[in-house]
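This report concerns only the one structure given below.
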Amino acid sequence: MDFEMEEITCPLCGGSRGKLLHQEGSFQMVRCPLCQFIFLNPRPTSDSLFRFYQTYLPEEETSVESWEKMMKTVFRRAANLLQSYRRDGRLLDVGTGFGFFLAEMKKRGWDVTGVEISQKAIDYARDVLGVTIYPGPLEKLGFPESHFDVVTGFYVIEHIPNPVVFLKECYRILKPGGLLLLRYPHTTPIKNLLHFFGIKNCLYDLPAHLSDFTPKMIQRCLAGIGFGRCRHLIGGYTLPRDLGKRVTSILSGNLSEAFYYLSLGKILFPGVSKTILVFKEERI
Ligand SMILES: [Zn+2]
């Protein structure tokens, strides 16, 4: 697919176009020298990205099934985690894909809504799983203020052109005391390691991923918007269909969990996906 590209300044601080960090094919990830944010520059325009997402998710039935299997553990862990805070309520899942997380939460008694960009995924979620889902992006839907008890986004933040605007919208539509749960990859430490050994790879998944948040960076961003009581965890691992990737995921997932628990939550293994949970602080 041909992408129409645009040159940008740092999506977090706006202060720099960034310095080259890693090249992946014709795409480049740069690091902002001012705030250290890592982002794709130049990047596809919004229209280009919208077209790209119409073919991003797999279509065949077997692929949808393996996607469900891949995400199952992560979804179950997140559902249990959310339910350790509240038994039920109104939940919005942004970038919900085929809607499997919504279906899981609906089964657990939650009132669920989804937002998704891919029309094929929207059709599947509506027709097969019977969940309510709106075509994104979130910022254009104008949900009422203080409306949801929980907002979730699994592997979404790295796809968002303007993460601050997106997180502010999540904040606005959450009830005071409401929870935001995000699941995100953290790829740069592994890229750095492979680069050191001269191993070529396309782990950034470009141009789908527009940025690569470190745990510190995402925490700082959320705190700046007004979220508090941050809890960061490993939160399980995905199970890709490819055997090699699956074994790597299980090993690194379990190893990072072990480090996390043995260090009493202090060590967040670099380079593996993480789950972050924050609350919309109640204003007095
Ligand atoms: Zn910056």
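The chains in the structure tokens are called A, B, ... from first to last as shown; in each chain the residues are counted from 1, and the ligands are counted from 1 in the order shown.
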
Name each residue within 12 Å of ligand 1, counting only C-alpha atoms and all ligand atoms, as an mmCIF file with all heavy atoms, in the first residue's frame.
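After the write, out-v5.cif holds the following:
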```cif
data_model
loop_
_atom_site.group_PDB
_atom_site.id
_atom_site.type_symbol
_atom_site.label_atom_id
_atom_site.label_comp_id
_atom_site.auth_asym_id
_atom_site.auth_seq_id
_atom_site.Cartn_x
_atom_site.Cartn_y
_atom_site.Cartn_z
ATOM 1 N N ILE A 8 6.311 15.670 10.899
ATOM 2 C CA ILE A 8 5.679 16.252 12.090
ATOM 3 C C ILE A 8 6.729 16.699 13.108
ATOM 4 O O ILE A 8 7.897 16.337 13.000
ATOM 5 C CB ILE A 8 4.725 15.236 12.785
ATOM 6 C CG1 ILE A 8 5.465 13.921 13.115
ATOM 7 C CG2 ILE A 8 3.511 14.947 11.922
ATOM 8 C CD1 ILE A 8 4.777 13.095 14.161
ATOM 9 N N THR A 9 6.253 17.434 14.115
ATOM 10 C CA THR A 9 7.104 17.695 15.281
ATOM 11 C C THR A 9 6.629 16.775 16.398
ATOM 12 O O THR A 9 5.546 16.191 16.305
ATOM 13 C CB THR A 9 7.004 19.165 15.745
ATOM 14 O OG1 THR A 9 5.616 19.464 15.950
ATOM 15 C CG2 THR A 9 7.576 20.129 14.722
ATOM 16 N N CYS A 10 7.399 16.631 17.445
ATOM 17 C CA CYS A 10 7.127 15.688 18.540
ATOM 18 C C CYS A 10 5.668 15.778 19.004
ATOM 19 O O CYS A 10 5.199 16.843 19.411
ATOM 20 C CB CYS A 10 8.060 15.980 19.709
ATOM 21 S SG CYS A 10 7.669 15.004 21.167
ATOM 22 N N PRO A 11 4.920 14.655 18.943
ATOM 23 C CA PRO A 11 3.512 14.691 19.338
ATOM 24 C C PRO A 11 3.301 15.005 20.823
ATOM 25 O O PRO A 11 2.209 15.391 21.222
ATOM 26 C CB PRO A 11 3.017 13.264 19.044
ATOM 27 C CG PRO A 11 4.016 12.676 18.121
ATOM 28 C CD PRO A 11 5.320 13.346 18.434
ATOM 29 N N LEU A 12 4.340 14.874 21.644
ATOM 30 C CA LEU A 12 4.161 15.187 23.073
ATOM 31 C C LEU A 12 4.521 16.628 23.404
ATOM 32 O O LEU A 12 3.756 17.320 24.056
ATOM 33 C CB LEU A 12 4.996 14.246 23.959
ATOM 34 C CG LEU A 12 4.520 12.811 24.114
ATOM 35 C CD1 LEU A 12 5.163 12.171 25.335
ATOM 36 C CD2 LEU A 12 2.998 12.699 24.213
ATOM 37 N N CYS A 13 5.704 17.095 22.947
ATOM 38 C CA CYS A 13 6.111 18.446 23.354
ATOM 39 C C CYS A 13 6.115 19.439 22.195
ATOM 40 O O CYS A 13 6.195 20.644 22.425
ATOM 41 C CB CYS A 13 7.480 18.406 24.041
ATOM 42 S SG CYS A 13 8.849 18.189 22.896
ATOM 43 N N GLY A 14 6.015 18.922 20.965
ATOM 44 C CA GLY A 14 5.954 19.812 19.800
ATOM 45 C C GLY A 14 7.246 20.546 19.514
ATOM 46 O O GLY A 14 7.307 21.382 18.614
ATOM 47 N N GLY A 15 8.316 20.218 20.255
ATOM 48 C CA GLY A 15 9.534 21.027 20.189
ATOM 49 C C GLY A 15 10.568 20.614 19.169
ATOM 50 O O GLY A 15 11.521 21.351 18.936
ATOM 51 N N SER A 16 10.427 19.424 18.579
ATOM 52 C CA SER A 16 11.488 18.959 17.680
ATOM 53 C C SER A 16 10.943 17.944 16.690
ATOM 54 O O SER A 16 9.931 17.296 16.931
ATOM 55 C CB SER A 16 12.587 18.311 18.533
ATOM 56 O OG SER A 16 13.399 17.465 17.756
ATOM 57 N N ARG A 17 11.668 17.803 15.544
ATOM 58 C CA ARG A 17 11.293 16.767 14.575
ATOM 59 C C ARG A 17 11.926 15.434 14.946
ATOM 60 O O ARG A 17 11.690 14.423 14.309
ATOM 61 C CB ARG A 17 11.760 17.169 13.178
ATOM 62 C CG ARG A 17 10.883 18.246 12.595
ATOM 63 C CD ARG A 17 11.492 18.852 11.354
ATOM 64 N NE ARG A 17 10.742 20.046 11.011
ATOM 65 C CZ ARG A 17 9.786 20.082 10.072
ATOM 66 N NH1 ARG A 17 9.503 19.025 9.380
ATOM 67 N NH2 ARG A 17 9.137 21.200 9.825
ATOM 68 N N GLY A 18 12.801 15.425 15.935
ATOM 69 C CA GLY A 18 13.410 14.195 16.415
ATOM 70 C C GLY A 18 14.678 13.824 15.678
ATOM 71 O O GLY A 18 14.909 14.285 14.565
ATOM 72 N N LYS A 19 15.487 12.983 16.333
ATOM 73 C CA LYS A 19 16.740 12.506 15.709
ATOM 74 C C LYS A 19 16.607 11.019 15.446
ATOM 75 O O LYS A 19 16.047 10.274 16.271
ATOM 76 C CB LYS A 19 17.901 12.755 16.678
ATOM 77 C CG LYS A 19 18.174 14.218 16.878
ATOM 78 C CD LYS A 19 19.658 14.451 17.195
ATOM 79 C CE LYS A 19 20.020 15.907 17.120
ATOM 80 N NZ LYS A 19 20.109 16.569 18.403
ATOM 81 N N VAL A 30 12.214 8.142 15.362
ATOM 82 C CA VAL A 30 13.124 9.182 15.837
ATOM 83 C C VAL A 30 12.876 9.413 17.331
ATOM 84 O O VAL A 30 11.838 9.026 17.857
ATOM 85 C CB VAL A 30 12.909 10.505 15.058
ATOM 86 C CG1 VAL A 30 13.141 10.313 13.567
ATOM 87 C CG2 VAL A 30 11.504 11.069 15.299
ATOM 88 N N ARG A 31 13.863 10.005 17.994
ATOM 89 C CA ARG A 31 13.695 10.340 19.410
ATOM 90 C C ARG A 31 13.760 11.853 19.578
ATOM 91 O O ARG A 31 14.655 12.500 19.042
ATOM 92 C CB ARG A 31 14.787 9.680 20.241
ATOM 93 C CG ARG A 31 14.498 9.760 21.748
ATOM 94 C CD ARG A 31 15.749 9.561 22.586
ATOM 95 N NE ARG A 31 16.447 8.322 22.330
ATOM 96 C CZ ARG A 31 16.325 7.211 23.064
ATOM 97 N NH1 ARG A 31 15.504 7.181 24.080
ATOM 98 N NH2 ARG A 31 17.029 6.142 22.767
ATOM 99 N N CYS A 32 12.808 12.401 20.307
ATOM 100 C CA CYS A 32 12.797 13.843 20.549
ATOM 101 C C CYS A 32 13.931 14.183 21.516
ATOM 102 O O CYS A 32 13.979 13.637 22.617
ATOM 103 C CB CYS A 32 11.451 14.261 21.135
ATOM 104 S SG CYS A 32 11.415 15.971 21.663
ATOM 105 N N PRO A 33 14.862 15.069 21.116
ATOM 106 C CA PRO A 33 15.973 15.387 22.023
ATOM 107 C C PRO A 33 15.515 16.175 23.250
ATOM 108 O O PRO A 33 16.237 16.263 24.229
ATOM 109 C CB PRO A 33 16.914 16.223 21.153
ATOM 110 C CG PRO A 33 16.074 16.727 20.038
ATOM 111 C CD PRO A 33 14.925 15.795 19.849
ATOM 112 N N LEU A 34 14.311 16.727 23.209
ATOM 113 C CA LEU A 34 13.840 17.556 24.322
ATOM 114 C C LEU A 34 13.116 16.737 25.377
ATOM 115 O O LEU A 34 13.362 16.867 26.564
ATOM 116 C CB LEU A 34 12.906 18.661 23.796
ATOM 117 C CG LEU A 34 13.513 19.552 22.716
ATOM 118 C CD1 LEU A 34 12.480 20.489 22.148
ATOM 119 C CD2 LEU A 34 14.697 20.321 23.283
ATOM 120 N N CYS A 35 12.179 15.855 24.942
ATOM 121 C CA CYS A 35 11.403 15.105 25.945
ATOM 122 C C CYS A 35 11.649 13.598 25.866
ATOM 123 O O CYS A 35 11.075 12.841 26.624
ATOM 124 C CB CYS A 35 9.919 15.428 25.822
ATOM 125 S SG CYS A 35 9.128 14.647 24.402
ATOM 126 N N GLN A 36 12.481 13.157 24.928
ATOM 127 C CA GLN A 36 12.875 11.740 24.767
ATOM 128 C C GLN A 36 11.785 10.839 24.185
ATOM 129 O O GLN A 36 11.935 9.620 24.144
ATOM 130 C CB GLN A 36 13.365 11.122 26.108
ATOM 131 C CG GLN A 36 14.430 11.917 26.839
ATOM 132 C CD GLN A 36 15.646 12.189 25.963
ATOM 133 O OE1 GLN A 36 16.142 11.292 25.294
ATOM 134 N NE2 GLN A 36 16.096 13.421 25.927
ATOM 135 N N PHE A 37 10.677 11.427 23.760
ATOM 136 C CA PHE A 37 9.605 10.605 23.192
ATOM 137 C C PHE A 37 10.071 9.997 21.869
ATOM 138 O O PHE A 37 10.738 10.659 21.074
ATOM 139 C CB PHE A 37 8.355 11.468 22.973
ATOM 140 C CG PHE A 37 7.124 10.689 22.610
ATOM 141 C CD1 PHE A 37 6.712 9.613 23.386
ATOM 142 C CD2 PHE A 37 6.352 11.025 21.494
ATOM 143 C CE1 PHE A 37 5.567 8.884 23.069
ATOM 144 C CE2 PHE A 37 5.204 10.317 21.167
ATOM 145 C CZ PHE A 37 4.808 9.247 21.968
ATOM 146 N N ILE A 38 9.697 8.722 21.640
ATOM 147 C CA ILE A 38 10.098 8.024 20.410
ATOM 148 C C ILE A 38 8.889 7.914 19.490
ATOM 149 O O ILE A 38 7.843 7.399 19.898
ATOM 150 C CB ILE A 38 10.670 6.635 20.767
ATOM 151 C CG1 ILE A 38 11.990 6.817 21.530
ATOM 152 C CG2 ILE A 38 10.895 5.795 19.509
ATOM 153 C CD1 ILE A 38 12.492 5.582 22.196
ATOM 154 N N PHE A 39 9.028 8.426 18.258
ATOM 155 C CA PHE A 39 7.882 8.440 17.354
ATOM 156 C C PHE A 39 8.297 8.280 15.905
ATOM 157 O O PHE A 39 9.462 8.457 15.555
ATOM 158 C CB PHE A 39 7.048 9.723 17.549
ATOM 159 C CG PHE A 39 7.806 11.007 17.337
ATOM 160 C CD1 PHE A 39 7.702 11.712 16.137
ATOM 161 C CD2 PHE A 39 8.623 11.521 18.327
ATOM 162 C CE1 PHE A 39 8.395 12.899 15.931
ATOM 163 C CE2 PHE A 39 9.326 12.709 18.136
ATOM 164 C CZ PHE A 39 9.205 13.395 16.944
ATOM 165 N N SER A 211 4.319 5.394 17.681
ATOM 166 C CA SER A 211 5.196 5.793 18.789
ATOM 167 C C SER A 211 5.530 4.575 19.648
ATOM 168 O O SER A 211 4.953 3.498 19.468
ATOM 169 C CB SER A 211 4.506 6.849 19.649
ATOM 170 O OG SER A 211 3.315 6.313 20.201
ATOM 171 N N PHE A 213 6.039 4.163 23.697
ATOM 172 C CA PHE A 213 6.084 4.743 25.038
ATOM 173 C C PHE A 213 6.951 3.909 25.979
ATOM 174 O O PHE A 213 6.854 2.682 25.981
ATOM 175 C CB PHE A 213 4.671 4.775 25.641
ATOM 176 C CG PHE A 213 3.864 5.973 25.253
ATOM 177 C CD1 PHE A 213 3.024 5.938 24.143
ATOM 178 C CD2 PHE A 213 3.931 7.137 25.998
ATOM 179 C CE1 PHE A 213 2.266 7.034 23.782
ATOM 180 C CE2 PHE A 213 3.177 8.248 25.650
ATOM 181 C CZ PHE A 213 2.338 8.197 24.539
ATOM 182 N N MET A 217 7.366 7.453 30.536
ATOM 183 C CA MET A 217 6.785 8.454 29.649
ATOM 184 C C MET A 217 5.254 8.414 29.712
ATOM 185 O O MET A 217 4.597 9.448 29.779
ATOM 186 C CB MET A 217 7.282 8.172 28.228
ATOM 187 C CG MET A 217 6.976 9.230 27.224
ATOM 188 S SD MET A 217 7.995 10.680 27.436
ATOM 189 C CE MET A 217 9.488 10.199 26.611
ATOM 190 N N CYS A 221 2.759 11.326 31.177
ATOM 191 C CA CYS A 221 1.707 11.855 30.323
ATOM 192 C C CYS A 221 0.350 11.802 31.034
ATOM 193 O O CYS A 221 -0.412 12.776 31.037
ATOM 194 C CB CYS A 221 1.646 10.938 29.111
ATOM 195 S SG CYS A 221 1.531 11.748 27.587
#
```

What are the DSSP strand (DSSP E or B) residues of range 7-252 of chain A, as a PyMOL selection string?
-> chain A and resi 19-24+27-31+38-40+43-44+90-94+111-116+132-135+148-154+174-184+211+227-233

Identify, with DSSP run on backbone atoms, the residues in range 81-232 of chain A assigned to alpha helix (DSSP H), and express the list as an NGL selection string.
-> :A and (81-83 or 100-107 or 119-127 or 163-173 or 188-196 or 215-225)

What does the distance from CA of Gly114 in chain A to CA of Asp93 in chain A come to in Å, to one decimal?
-> 4.8 Å

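Interatomic distance, CA of Trp67 in chain A against CA of Gly130 in chain A: 18.2 Å.
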
From the list A:Phe154, A:Tyr134, A:Phe143, A:Phe98, the nearest residue to Ser63 in chain A using only C-alpha atoms is A:Phe98

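Between CA of Val115 in chain A and CA of Pro58 in chain A there is a distance of 17.8 Å.
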
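Considering the residues A:Gly253, A:Pro163, A:Gly228, A:Gly25 and counting only C-alpha atoms, Asp212 in chain A has its shortest atom-to-atom contact with A:Pro163.
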
Could you name the residues that touch Ala125 in chain A at 10 Å or less, counting only C-alpha atoms, but leaving out those on the same chain fewer than 5 positions away, as a PyMOL selection string?
-> chain A and resi 96-100+102-103+114+116+119-120+130-133

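Shortest atom-to-atom contact with Leu82 in chain A among A:Glu169, A:Val151, A:Ile117, A:Leu262: A:Val151, counting only C-alpha atoms.
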
Residue contacts of Arg108 in chain A (10 Å, only C-alpha atoms) excluding same-chain residues fewer than 6 positions away, as a PDB file with C-alpha atoms, in the first residue's frame:
```pdb
ATOM      1  CA  ALA A  79     -11.062  -8.352  33.314  1.00  0.00           C
ATOM      2  CA  GLN A  83     -13.255  -6.543  38.750  1.00  0.00           C
ATOM      3  CA  ARG A  87     -17.962  -5.675  40.065  1.00  0.00           C
ATOM      4  CA  ASP A  88     -19.801  -3.998  37.191  1.00  0.00           C
ATOM      5  CA  LEU A 102     -16.400  -6.423  25.222  1.00  0.00           C
TER       6      LEU A 102
END
```
